[in-house]
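Text of coords-v3.cif (mmCIF, C-alpha atoms and all ligand atoms) as supplied:
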```
data_entry
#
loop_
_atom_site.label_atom_id
_atom_site.label_comp_id
_atom_site.auth_asym_id
_atom_site.auth_seq_id
_atom_site.Cartn_x
_atom_site.Cartn_y
_atom_site.Cartn_z
CA MET A 292 -11.66 81.90 -30.93
CA LYS A 293 -8.18 80.50 -31.28
CA LYS A 294 -7.64 78.03 -34.07
CA ASN A 295 -5.81 75.37 -32.13
CA TYR A 296 -6.47 72.10 -33.91
CA ASN A 297 -6.03 70.54 -37.28
CA VAL A 298 -8.90 68.18 -38.10
CA ILE A 299 -8.03 65.96 -41.02
CA VAL A 300 -10.38 63.52 -42.75
CA ASN A 301 -8.88 60.79 -44.88
CA GLN A 302 -11.67 60.52 -47.43
CA LYS A 303 -10.06 57.44 -48.99
CA TRP A 304 -10.92 55.48 -45.82
CA CYS A 305 -14.17 57.27 -44.87
CA LYS A 306 -17.29 55.10 -45.32
CA SER A 307 -19.80 57.89 -44.70
CA CYS A 308 -21.37 56.47 -41.54
CA GLU A 309 -21.97 60.07 -40.34
CA ILE A 310 -20.93 59.25 -36.77
CA CYS A 311 -18.51 62.20 -36.69
CA VAL A 312 -21.14 64.61 -38.04
CA ALA A 313 -23.59 63.67 -35.27
CA ILE A 314 -21.12 63.24 -32.42
CA CYS A 315 -19.02 66.40 -32.65
CA PRO A 316 -20.17 68.85 -29.96
CA LYS A 317 -19.00 71.78 -32.10
CA LYS A 318 -20.50 70.65 -35.43
CA VAL A 319 -17.16 70.72 -37.20
CA PHE A 320 -18.17 68.17 -39.87
CA ASP A 321 -20.59 68.05 -42.79
CA MET A 322 -21.19 65.34 -45.31
CA ASP A 323 -19.76 66.49 -48.58
CA ASN A 324 -20.36 64.39 -51.69
CA PHE A 325 -20.64 61.11 -49.77
CA TYR A 326 -17.60 61.72 -47.53
CA ALA A 327 -17.18 63.57 -44.25
CA ALA A 328 -15.47 66.94 -44.46
CA ALA A 329 -14.09 68.96 -41.54
CA ASN A 330 -15.52 72.28 -42.69
CA ARG A 331 -15.14 74.24 -39.44
CA PRO A 332 -11.87 73.08 -37.84
CA GLU A 333 -11.52 76.50 -36.19
CA ASP A 334 -14.39 75.53 -33.84
CA CYS A 335 -12.71 72.32 -32.69
CA ILE A 336 -12.07 72.03 -28.95
CA GLY A 337 -9.92 68.90 -29.24
CA CYS A 338 -12.23 66.53 -27.35
CA LEU A 339 -11.15 63.68 -29.68
CA LEU A 340 -14.62 62.11 -29.69
CA CYS A 341 -14.69 62.05 -33.49
CA GLU A 342 -11.25 60.50 -33.73
CA LYS A 343 -12.06 57.80 -31.18
CA LEU A 344 -15.52 56.96 -32.55
CA CYS A 345 -14.72 56.96 -36.26
CA PRO A 346 -14.69 53.20 -36.94
CA ASP A 347 -12.59 53.67 -40.06
CA PHE A 348 -9.42 55.37 -38.85
CA ALA A 349 -10.40 58.24 -41.13
CA ILE A 350 -10.06 61.19 -38.72
CA GLU A 351 -6.97 62.72 -37.20
CA VAL A 352 -7.17 65.60 -34.73
CA ARG A 353 -3.90 67.19 -33.67
CA LEU A 354 -2.70 70.29 -31.94
CA LYS A 355 -1.35 72.89 -34.31
CA THR A 356 2.34 73.61 -34.16
CA GLU A 357 3.37 77.22 -33.37
CA LYS A 358 4.07 77.74 -37.05
CA GLU A 359 0.62 76.59 -38.14
CA LYS A 360 -1.25 78.93 -35.74
CA MET B 5 -1.96 59.24 -31.01
CA ASP B 6 -0.67 57.86 -34.30
CA TYR B 7 -2.82 54.83 -35.13
CA LEU B 8 -1.06 54.41 -38.46
CA ASN B 9 2.07 53.28 -36.66
CA TYR B 10 0.17 50.15 -35.61
CA LEU B 11 -1.67 49.43 -38.86
CA ARG B 12 -0.73 47.50 -41.96
CA GLN B 13 -1.68 50.45 -44.07
CA ASP B 14 -1.55 48.51 -47.32
CA LYS B 15 -4.49 46.44 -46.03
CA MET B 16 -6.64 49.52 -45.34
CA PRO B 17 -9.42 50.53 -45.63
CA HIS B 18 -10.66 47.57 -43.60
CA ILE B 19 -13.57 45.40 -44.78
CA TRP B 20 -15.97 46.30 -41.97
CA CYS B 21 -19.24 47.91 -43.06
CA ASP B 22 -19.97 51.58 -42.54
CA GLY B 23 -20.87 52.21 -38.91
CA CYS B 24 -19.66 48.78 -37.72
CA GLY B 25 -18.52 48.99 -34.10
CA HIS B 26 -15.56 46.65 -34.56
CA GLY B 27 -13.27 49.45 -35.77
CA ILE B 28 -13.99 51.45 -32.61
CA ILE B 29 -12.89 48.51 -30.44
CA LEU B 30 -9.73 47.99 -32.48
CA LYS B 31 -8.85 51.66 -31.99
CA SER B 32 -9.31 51.31 -28.26
CA ILE B 33 -6.93 48.31 -28.21
CA LEU B 34 -4.31 50.26 -30.14
CA ARG B 35 -4.58 53.28 -27.83
CA VAL B 36 -3.97 51.06 -24.83
CA VAL B 37 -0.98 49.34 -26.46
CA ASP B 38 0.39 52.81 -27.21
CA GLN B 39 -0.17 54.03 -23.64
CA LEU B 40 1.51 50.96 -22.19
CA GLY B 41 4.44 51.39 -24.55
CA TRP B 42 4.41 47.70 -25.50
CA GLU B 43 6.79 46.73 -28.29
CA LYS B 44 4.92 45.54 -31.35
CA ASN B 45 7.17 42.49 -31.55
CA ASN B 46 6.22 41.41 -28.03
CA ILE B 47 2.52 41.24 -28.85
CA ALA B 48 0.59 38.43 -30.50
CA LEU B 49 -2.96 39.17 -31.63
CA VAL B 50 -4.94 36.01 -32.29
CA SER B 51 -8.44 35.58 -33.72
CA GLY B 52 -10.84 32.93 -34.94
CA ILE B 53 -13.28 33.50 -37.80
CA GLY B 54 -15.90 36.21 -38.26
CA CYS B 55 -15.89 39.91 -39.01
CA SER B 56 -14.16 40.40 -35.66
CA GLY B 57 -11.78 37.65 -36.73
CA ARG B 58 -10.45 39.90 -39.47
CA THR B 59 -8.80 42.19 -36.90
CA PRO B 60 -5.29 40.63 -36.96
CA GLY B 61 -5.05 41.29 -40.69
CA TYR B 62 -4.88 45.02 -40.07
CA VAL B 63 -2.38 45.32 -37.24
CA ASP B 64 1.39 45.33 -37.33
CA PHE B 65 1.92 42.86 -34.47
CA ASN B 66 2.63 39.13 -34.55
CA THR B 67 -0.75 37.92 -35.76
CA LEU B 68 -2.59 34.66 -36.14
CA HIS B 69 -5.95 34.23 -37.88
CA THR B 70 -7.05 30.75 -36.86
CA THR B 71 -10.16 28.58 -37.22
CA HIS B 72 -13.65 29.41 -35.99
CA GLY B 73 -13.90 29.23 -32.21
CA ARG B 74 -10.35 27.97 -31.70
CA ALA B 75 -8.38 31.19 -31.23
CA ILE B 76 -7.94 30.55 -27.50
CA SER B 77 -6.45 27.09 -28.16
CA PHE B 78 -3.85 28.53 -30.51
CA ALA B 79 -3.21 31.34 -28.05
CA THR B 80 -2.68 28.80 -25.26
CA GLY B 81 0.12 27.18 -27.24
CA LEU B 82 1.68 30.55 -27.96
CA LYS B 83 1.58 31.64 -24.35
CA LEU B 84 3.01 28.38 -22.95
CA ALA B 85 5.79 28.29 -25.52
CA ASN B 86 6.63 31.94 -24.98
CA PRO B 87 5.31 33.18 -21.62
CA LYS B 88 6.81 36.66 -22.12
CA LEU B 89 4.57 37.37 -25.09
CA HIS B 90 1.52 39.59 -24.54
CA VAL B 91 -1.17 37.37 -26.00
CA ILE B 92 -4.40 39.11 -26.99
CA VAL B 93 -7.34 37.20 -28.43
CA VAL B 94 -10.18 38.95 -30.22
CA SER B 95 -13.36 37.03 -30.77
CA GLY B 96 -16.97 37.55 -31.86
CA ASP B 97 -19.83 36.51 -29.58
CA GLY B 98 -20.43 33.50 -31.85
CA ASP B 99 -16.75 32.63 -32.03
CA ALA B 100 -16.29 32.93 -28.25
CA THR B 101 -19.51 31.47 -26.87
CA ALA B 102 -21.03 29.19 -29.53
CA ILE B 103 -18.44 27.07 -31.36
CA GLY B 104 -15.67 28.26 -29.02
CA GLY B 105 -17.68 28.18 -25.81
CA ASN B 106 -15.76 25.33 -24.24
CA HIS B 107 -12.38 26.89 -24.98
CA PHE B 108 -13.66 30.07 -23.41
CA ILE B 109 -14.84 28.59 -20.11
CA HIS B 110 -11.85 26.31 -19.73
CA ALA B 111 -9.36 29.08 -20.42
CA ALA B 112 -11.10 31.00 -17.63
CA ARG B 113 -11.07 27.95 -15.35
CA ARG B 114 -7.34 27.37 -15.90
CA ASN B 115 -6.76 31.10 -15.61
CA LEU B 116 -4.45 31.26 -18.60
CA ASP B 117 -2.62 34.56 -18.81
CA ILE B 118 -4.38 35.67 -21.99
CA ASN B 119 -6.37 38.83 -22.70
CA LEU B 120 -9.64 38.10 -24.43
CA ILE B 121 -11.67 40.89 -25.98
CA VAL B 122 -15.10 39.83 -27.14
CA PHE B 123 -16.65 41.98 -29.87
CA ASN B 124 -20.26 41.33 -28.88
CA ASN B 125 -22.71 42.43 -31.56
CA ASN B 126 -25.34 39.85 -30.54
CA ILE B 127 -25.30 38.21 -33.97
CA TYR B 128 -23.24 36.23 -36.47
CA GLY B 129 -22.23 39.24 -38.53
CA MET B 130 -20.06 37.68 -41.18
CA THR B 131 -22.32 34.86 -42.31
CA GLY B 132 -25.46 36.92 -42.78
CA GLY B 133 -27.05 37.49 -39.39
CA GLN B 134 -27.84 34.11 -37.84
CA CYS B 135 -28.80 34.22 -34.19
CA SER B 136 -25.94 33.74 -31.73
CA PRO B 137 -25.85 32.67 -28.06
CA THR B 138 -26.03 36.36 -27.10
CA THR B 139 -29.03 37.28 -29.26
CA LYS B 140 -31.63 38.26 -26.67
CA THR B 141 -35.02 36.56 -26.40
CA THR B 142 -37.57 37.91 -28.94
CA LYS B 143 -34.86 39.62 -31.04
CA LYS B 144 -34.76 38.85 -34.73
CA ALA B 145 -32.09 37.18 -36.79
CA THR B 146 -32.19 35.52 -40.20
CA THR B 147 -32.59 32.18 -38.39
CA THR B 148 -35.21 33.59 -35.97
CA PRO B 149 -37.37 35.78 -38.23
CA TYR B 150 -40.32 35.52 -35.80
CA GLY B 151 -38.26 36.32 -32.72
CA ASN B 152 -35.65 34.31 -30.83
CA PRO B 153 -37.18 31.78 -28.40
CA ASP B 154 -33.84 31.20 -26.60
CA SER B 155 -32.33 32.93 -23.60
CA ALA B 156 -29.04 34.73 -24.11
CA PHE B 157 -25.72 34.13 -22.44
CA ASP B 158 -24.34 36.97 -20.35
CA ILE B 159 -20.70 36.71 -21.43
CA SER B 160 -19.28 38.64 -18.49
CA LYS B 161 -21.17 36.55 -15.92
CA LEU B 162 -20.10 33.39 -17.73
CA ALA B 163 -16.46 34.47 -17.51
CA GLU B 164 -16.89 35.37 -13.87
CA ALA B 165 -18.45 32.00 -12.98
CA ALA B 166 -15.77 30.11 -14.90
CA GLY B 167 -12.94 31.75 -12.93
CA ALA B 168 -11.39 34.60 -14.92
CA SER B 169 -9.09 37.00 -13.03
CA TYR B 170 -10.55 40.11 -14.65
CA VAL B 171 -13.92 40.72 -16.28
CA ALA B 172 -15.39 44.02 -17.42
CA ARG B 173 -17.88 45.26 -19.97
CA SER B 174 -18.33 48.52 -21.83
CA THR B 175 -20.12 49.72 -24.93
CA THR B 176 -18.36 51.16 -27.95
CA TYR B 177 -19.99 54.53 -27.26
CA HIS B 178 -18.32 54.72 -23.85
CA VAL B 179 -14.78 54.65 -25.24
CA ALA B 180 -13.07 56.14 -22.19
CA LYS B 181 -14.39 53.26 -20.08
CA LEU B 182 -13.51 50.78 -22.81
CA ASP B 183 -9.93 52.07 -22.85
CA LYS B 184 -9.71 51.84 -19.08
CA TYR B 185 -11.07 48.29 -18.92
CA ILE B 186 -8.83 47.07 -21.72
CA LYS B 187 -5.83 48.65 -20.04
CA ASP B 188 -6.66 47.15 -16.63
CA SER B 189 -7.28 43.78 -18.24
CA PHE B 190 -3.90 43.91 -19.99
CA LEU B 191 -2.23 44.61 -16.66
CA THR B 192 -3.99 41.78 -14.84
CA LYS B 193 -2.26 38.45 -14.44
CA GLY B 194 -4.40 35.50 -15.56
CA PHE B 195 -7.35 35.22 -17.88
CA SER B 196 -9.03 38.53 -18.52
CA VAL B 197 -12.17 39.20 -20.48
CA VAL B 198 -13.36 42.56 -21.74
CA GLU B 199 -16.77 42.33 -23.32
CA ALA B 200 -17.23 45.22 -25.72
CA TYR B 201 -20.74 45.80 -26.98
CA SER B 202 -20.29 46.38 -30.68
CA SER B 203 -22.86 47.18 -33.35
CA CYS B 204 -23.61 45.30 -36.52
CA PRO B 205 -25.91 47.54 -38.52
CA THR B 206 -25.79 45.26 -41.55
CA SER B 207 -26.99 42.03 -39.95
CA TYR B 208 -28.51 43.04 -36.59
CA GLY B 209 -29.63 46.63 -37.07
CA LYS B 210 -31.65 45.96 -40.18
CA MET B 211 -33.71 43.29 -38.37
CA ASN B 212 -34.03 44.98 -34.98
CA LYS B 213 -34.66 48.62 -35.81
CA GLU B 214 -35.99 49.48 -32.34
CA THR B 215 -32.40 49.52 -31.05
CA GLY B 216 -31.07 51.41 -34.07
CA LYS B 217 -30.74 50.55 -37.72
CA THR B 218 -27.53 52.33 -38.69
CA GLY B 219 -24.22 52.25 -36.85
CA LEU B 220 -24.82 55.80 -35.69
CA GLN B 221 -28.31 55.03 -34.38
CA MET B 222 -27.02 51.94 -32.59
CA LEU B 223 -24.26 54.00 -30.98
CA MET B 224 -26.86 56.54 -29.81
CA TYR B 225 -28.97 53.72 -28.42
CA GLN B 226 -25.96 52.60 -26.38
CA LYS B 227 -25.50 56.16 -25.17
CA ASP B 228 -29.09 56.39 -23.95
CA ASN B 229 -29.51 52.88 -22.56
CA THR B 230 -26.41 52.06 -20.57
CA VAL B 231 -26.66 51.42 -16.84
CA PRO B 232 -23.58 51.13 -14.62
CA LEU B 233 -23.36 47.85 -12.68
CA GLN B 234 -23.76 49.45 -9.24
CA LYS B 235 -26.96 51.19 -10.30
CA ALA B 236 -28.26 48.07 -12.05
CA GLN B 237 -27.99 46.08 -8.84
CA LYS B 238 -30.73 48.26 -7.36
CA MET B 239 -33.03 47.93 -10.37
CA THR B 240 -35.63 45.29 -11.23
CA GLN B 241 -35.42 42.89 -14.18
CA ALA B 242 -38.25 44.79 -15.88
CA GLN B 243 -36.46 48.13 -15.49
CA LEU B 244 -33.33 46.62 -17.01
CA GLU B 245 -35.10 45.35 -20.12
CA GLY B 246 -33.13 46.44 -23.20
CA LYS B 247 -30.38 48.08 -21.12
CA PHE B 248 -26.63 47.58 -21.40
CA ILE B 249 -25.16 46.88 -17.98
CA THR B 250 -21.53 47.92 -17.86
CA GLY B 251 -18.74 47.95 -15.32
CA VAL B 252 -16.08 45.78 -13.71
CA PHE B 253 -17.40 42.36 -12.71
CA VAL B 254 -14.19 40.75 -11.43
CA GLU B 255 -10.76 42.06 -10.48
CA LYS B 256 -8.72 39.42 -8.63
CA ASP B 257 -5.10 38.72 -7.96
CA LYS B 258 -4.69 34.97 -8.16
CA PRO B 259 -2.15 32.50 -9.57
CA ASP B 260 -2.30 32.06 -13.31
CA TYR B 261 -1.69 28.98 -15.40
CA THR B 262 1.83 29.84 -16.54
CA GLU B 263 2.86 30.25 -12.92
CA ASN B 264 1.28 26.95 -11.88
CA TYR B 265 2.73 25.22 -14.92
CA ALA B 266 6.23 26.51 -14.13
CA LYS B 267 5.87 24.92 -10.67
CA VAL B 268 4.95 21.59 -12.26
CA ILE B 269 8.06 21.77 -14.45
CA GLN B 270 10.14 22.56 -11.37
CA THR B 271 8.74 19.60 -9.43
CA ALA B 272 9.22 17.25 -12.36
CA LYS B 273 12.85 18.31 -12.72
CA GLN B 274 13.57 17.66 -9.05
CA GLN B 275 12.41 14.03 -9.22
C1 LIG C 1 -16.06 25.42 -38.31
C2 LIG C 1 -16.82 26.57 -38.90
N1 LIG C 1 -18.15 26.64 -38.76
C3 LIG C 1 -18.86 27.68 -39.27
C4 LIG C 1 -18.21 28.67 -39.95
C5 LIG C 1 -19.01 29.80 -40.54
N2 LIG C 1 -18.88 31.04 -39.80
C6 LIG C 1 -17.97 31.98 -40.14
S1 LIG C 1 -18.01 33.33 -39.18
C7 LIG C 1 -19.28 32.69 -38.27
C8 LIG C 1 -19.91 33.46 -37.13
C9 LIG C 1 -19.45 34.83 -36.95
O1 LIG C 1 -20.07 35.44 -35.88
P1 LIG C 1 -19.28 36.05 -34.66
O2 LIG C 1 -18.29 35.09 -34.15
O3 LIG C 1 -20.27 36.54 -33.67
O4 LIG C 1 -18.44 37.25 -35.28
P2 LIG C 1 -18.90 38.57 -36.11
O5 LIG C 1 -18.84 38.18 -37.55
O6 LIG C 1 -20.26 38.96 -35.66
O7 LIG C 1 -17.85 39.57 -35.76
C10 LIG C 1 -19.65 31.42 -38.73
C11 LIG C 1 -20.75 30.61 -38.16
C12 LIG C 1 -16.80 28.56 -40.10
N3 LIG C 1 -16.11 29.51 -40.72
N4 LIG C 1 -16.15 27.50 -39.57
S1 LIG C 2 -12.10 66.78 -31.56
FE1 LIG C 2 -14.16 67.12 -30.71
S2 LIG C 2 -14.62 69.23 -31.23
FE2 LIG C 2 -12.88 68.65 -32.50
S3 LIG C 2 -13.80 67.96 -34.40
FE3 LIG C 2 -13.55 66.15 -33.14
S4 LIG C 2 -15.49 65.90 -32.06
FE4 LIG C 2 -15.43 67.98 -32.89
S1 LIG C 3 -16.96 58.79 -38.59
FE1 LIG C 3 -15.26 58.32 -39.98
S2 LIG C 3 -16.09 56.91 -41.51
FE2 LIG C 3 -17.82 57.86 -40.46
S3 LIG C 3 -18.35 59.62 -41.74
FE3 LIG C 3 -16.94 60.37 -40.18
S4 LIG C 3 -14.92 60.21 -41.13
FE4 LIG C 3 -16.30 58.97 -42.34
S1 LIG C 4 -21.58 42.40 -41.16
FE1 LIG C 4 -21.88 43.42 -39.19
S2 LIG C 4 -20.12 42.80 -37.92
FE2 LIG C 4 -19.63 42.34 -40.06
S3 LIG C 4 -18.52 44.15 -40.79
FE3 LIG C 4 -20.67 44.41 -41.34
S4 LIG C 4 -21.55 45.58 -39.64
FE4 LIG C 4 -19.60 44.73 -38.92
#
```
Can you give me the file's structure in the form of structure tokens?
Ligand SMILES: Cc1ncc(C[n+]2csc(CCOP(=O)(O)OP(=O)(O)O)c2C)c(N)n1
Ligand code: SF4
Ligand code: SF4
Ligand code: SF4
Amino acid sequence: MKKNYNVIVNQKWCKSCEICVAICPKKVFDMDNFYAAANRPEDCIGCLLCEKLCPDFAIEVRLKTEKEK
Amino acid sequence: MDYLNYLRQDKMPHIWCDGCGHGIILKSILRVVDQLGWEKNNIALVSGIGCSGRTPGYVDFNTLHTTHGRAISFATGLKLANPKLHVIVVSGDGDATAIGGNHFIHAARRNLDINLIVFNNNIYGMTGGQCSPTTKTTKKATTTPYGNPDSAFDISKLAEAAGASYVARSTTYHVAKLDKYIKDSFLTKGFSVVEAYSSCPTSYGKMNKETGKTGLQMLMYQKDNTVPLQKAQKMTQAQLEGKFITGVFVEKDKPDYTENYAKVIQTAKQQ
């Protein structure tokens, strides 16, 4: 599996609603000490559901640059 | 999409509770503004009071946080003084249809070129969960602990009957639809209303657990209980109990108030 996406959680803004954990079709997130953590970004398919449904602007999903791959 | 470009980052994190649907609606608005390529300086975002009313505090547009229920009145002044401005009003269900109900129907009747987005969580979120005009019959609120005896307003049908150019409704779970409706509403001339079903876990969820207690559960309830308008038209009232009916209710091309008002100015000048 190609690692195409960076999935970044801003834990300073995360309020631990767990929406991302439940909604992600690839189970990329876990709750980690109260905050969400993108523990398996390599599984991300870039559907953006987590980014759009996080009410707290705490998730950013972006395509990796050639350098980052 | 870089949301941060549109946020006053020094005001973040926002005050909304964990799982509150309001943040999802705000994101949808920002995505649409980004897609349309609107200049931040050409946008005015206006609100009244309530949790939804806090929205302007977080965005880097021209913003106005007004009094409870009166956002549309302030927005009317803005639009008439500066017709080129994109005027967006965000309002809670209480703000828009209780204290601000008359402003709402008359703005629709006059077909003012304003985009209203109602954050409908079926409750007064900010003040501790009093019942609102959209709290459904039998549902609980701090003011109706034994179940609400009243009937609820259907905001979209109200807007339709009052004469809005564009009316559509989506849930926060169905974000793609929400984006589309907000975008179409922004592109429609005249008064447009997008009713976005939000969730208030803190005030509504805790009293009405059958439709979800947490923000996540309420979102999942929306996912499992939404019926598109066309399908709903073939269903009975009983089958539609507890369902969210979503879709486009009105999409009309008709003269708006700024246009009609410009004609009045023209006529007056000629005499
Ligand atoms: C004139 C006036 N009356 C009452 C209030 C108290 N008040 C503040 S917010 C609010 C209702 C909020 O509910 P809603 O508009 O549905 O927005 P939400 O908080 O749910 O987003 C009320 C009654 C007020 N601020 N001003
Ligand atoms: S973009 Fe989709 S697949 Fe990737 S982390 Fe978010 S929800 Fe999961
Ligand atoms: S959806 Fe956002 S706020 Fe909720 S747990 Fe995930 S990162 Fe945190
Ligand atoms: S009280 Fe309700 S509407 Fe207000 S921020 Fe909390 S969850 Fe959202």
- request: Report as a list in words which protein, DNA and RNA residues come within 8 Å of ligand LIG 4 (chain C), using all atoms listed in the file.
  value: Ile19, Trp20, Cys21, Asp22, Gly23, Cys24, Gly25, His26, Gly54, Cys55, Ser56, Asn125, Ile127, Tyr128, Gly129, Met130, Thr131, Gly132, Gly133, Ser203, Cys204, Pro205, Thr206, Ser207, Tyr208 and Gly219 of chain B
task: May I have the residues of chain A within 10 Å of chain B, counting only C-alpha atoms, written as a list in words?
output: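 Matching residues, ligands excluded from the count: Lys303, Trp304, Cys305, Lys306, Ser307, Cys308, Glu309, Ile310, Cys311, Val312, Ala313, Ile314, Leu340, Glu342, Lys343, Leu344, Cys345, Pro346, Asp347, Phe348, Ala349, Glu351, Val352 and Arg353 of chain A.
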Expected residue set, 9 Å radius at (-3.1, 74.6, -31.5), only C-alpha atoms, as number ranges by chain: A: 293-297, 353-357, 359-360
field: One-decimal distance in Å that lies between CA of Ile186 in chain B and CA of Arg173 in chain B
entry: 9.4 Å
Test item: residues lying within 8 Å of ligand LIG 2 (chain C) with all atoms listed in the file, as a list in words: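 Checked against 8 Å with all atoms listed in the file; the hits are Tyr296, Val298, Cys311, Ile314, Cys315, Pro316, Lys317, Lys318, Val319, Phe320, Ala329, Pro332, Asp334, Cys335, Ile336, Gly337, Cys338, Leu339, Leu340, Cys341, Glu342 and Val352 of chain A.
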field: Pick from B:Asp64, B:Glu43, B:Asp14, B:Asp99 nearest to ligand LIG 1 (chain C), counting only C-alpha atoms and all ligand atoms
entry: B:Asp99
message: So that I can see what lies close to Thr101 in chain B, please list as a ChimeraX atom specification the residues with an atom at most 12 Å from it, counting only C-alpha atoms and leaving out residues fewer than 2 positions away in the same chain.
response: /B:52,72-76,95-99,103-110,122-124,126-128,136-139,156-160,162-163,199
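Note that the spacing between CA of Pro232 in chain B and CA of Val198 in chain B amounts to 15.1 Å.
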message: I need every residue sitting at most 6 Å from the point (-3.1, 32.4, -34.7) (coordinates as in the file, only C-alpha atoms considered), written as a list in words.
response: Val50, Leu68, His69, Thr70 and Phe78 of chain B
message: Rounded to one decimal, what separation in Å do you get between CA of Gln237 in chain B and CA of Ser174 in chain B?
response: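 Distance between the two atoms: 16.4 Å.
Counting all atoms listed in the file, the residue from B:Asn119, B:Thr215, B:Thr71, B:Gln241 that sits nearest to ligand LIG 1 (chain C) is B:Thr71.
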Box for range 333-344 of chain A - axis-aligned, 4 Å on each of the six sides, all listed atoms - centre and size in Å to one decimal, as AutoDock Vina command-line options.
```
--center_x -12.7 --center_y 66.7 --center_z -31.8 --size_x 13.6 --size_y 27.5 --size_z 16.8
```
- prompt: If you count all atoms listed in the file, which residues fall within 12 Å of Asn45 in chain B, apart from same-chain ones fewer than 3 positions away, as a list in words?
  reply: Tyr10, Val37, Gly41, Trp42, Ala48, Leu49, Val63, Asp64, Phe65, Asn66, Thr67, Lys88, Leu89, His90 and Val91 of chain B
Quick one: residues within 12 Å of Gly151 in chain B, all atoms listed in the file, excluding same-chain residues fewer than 2 positions away - as a short mmCIF file (atom, residue, chain, number, x, y, z; two decimals) with C-alpha atoms, keeping the file's coordinate frame?
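Writing done, so here's result00.cif:
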```
data_model
loop_
_atom_site.label_atom_id
_atom_site.label_comp_id
_atom_site.auth_asym_id
_atom_site.auth_seq_id
_atom_site.Cartn_x
_atom_site.Cartn_y
_atom_site.Cartn_z
CA GLN B 134 -27.84 34.11 -37.84
CA CYS B 135 -28.80 34.22 -34.19
CA THR B 139 -29.03 37.28 -29.26
CA LYS B 140 -31.63 38.26 -26.67
CA THR B 141 -35.02 36.56 -26.40
CA THR B 142 -37.57 37.91 -28.94
CA LYS B 143 -34.86 39.62 -31.04
CA LYS B 144 -34.76 38.85 -34.73
CA ALA B 145 -32.09 37.18 -36.79
CA THR B 146 -32.19 35.52 -40.20
CA THR B 147 -32.59 32.18 -38.39
CA THR B 148 -35.21 33.59 -35.97
CA PRO B 149 -37.37 35.78 -38.23
CA PRO B 153 -37.18 31.78 -28.40
CA ASP B 154 -33.84 31.20 -26.60
CA SER B 155 -32.33 32.93 -23.60
CA MET B 211 -33.71 43.29 -38.37
CA ASN B 212 -34.03 44.98 -34.98
#
```
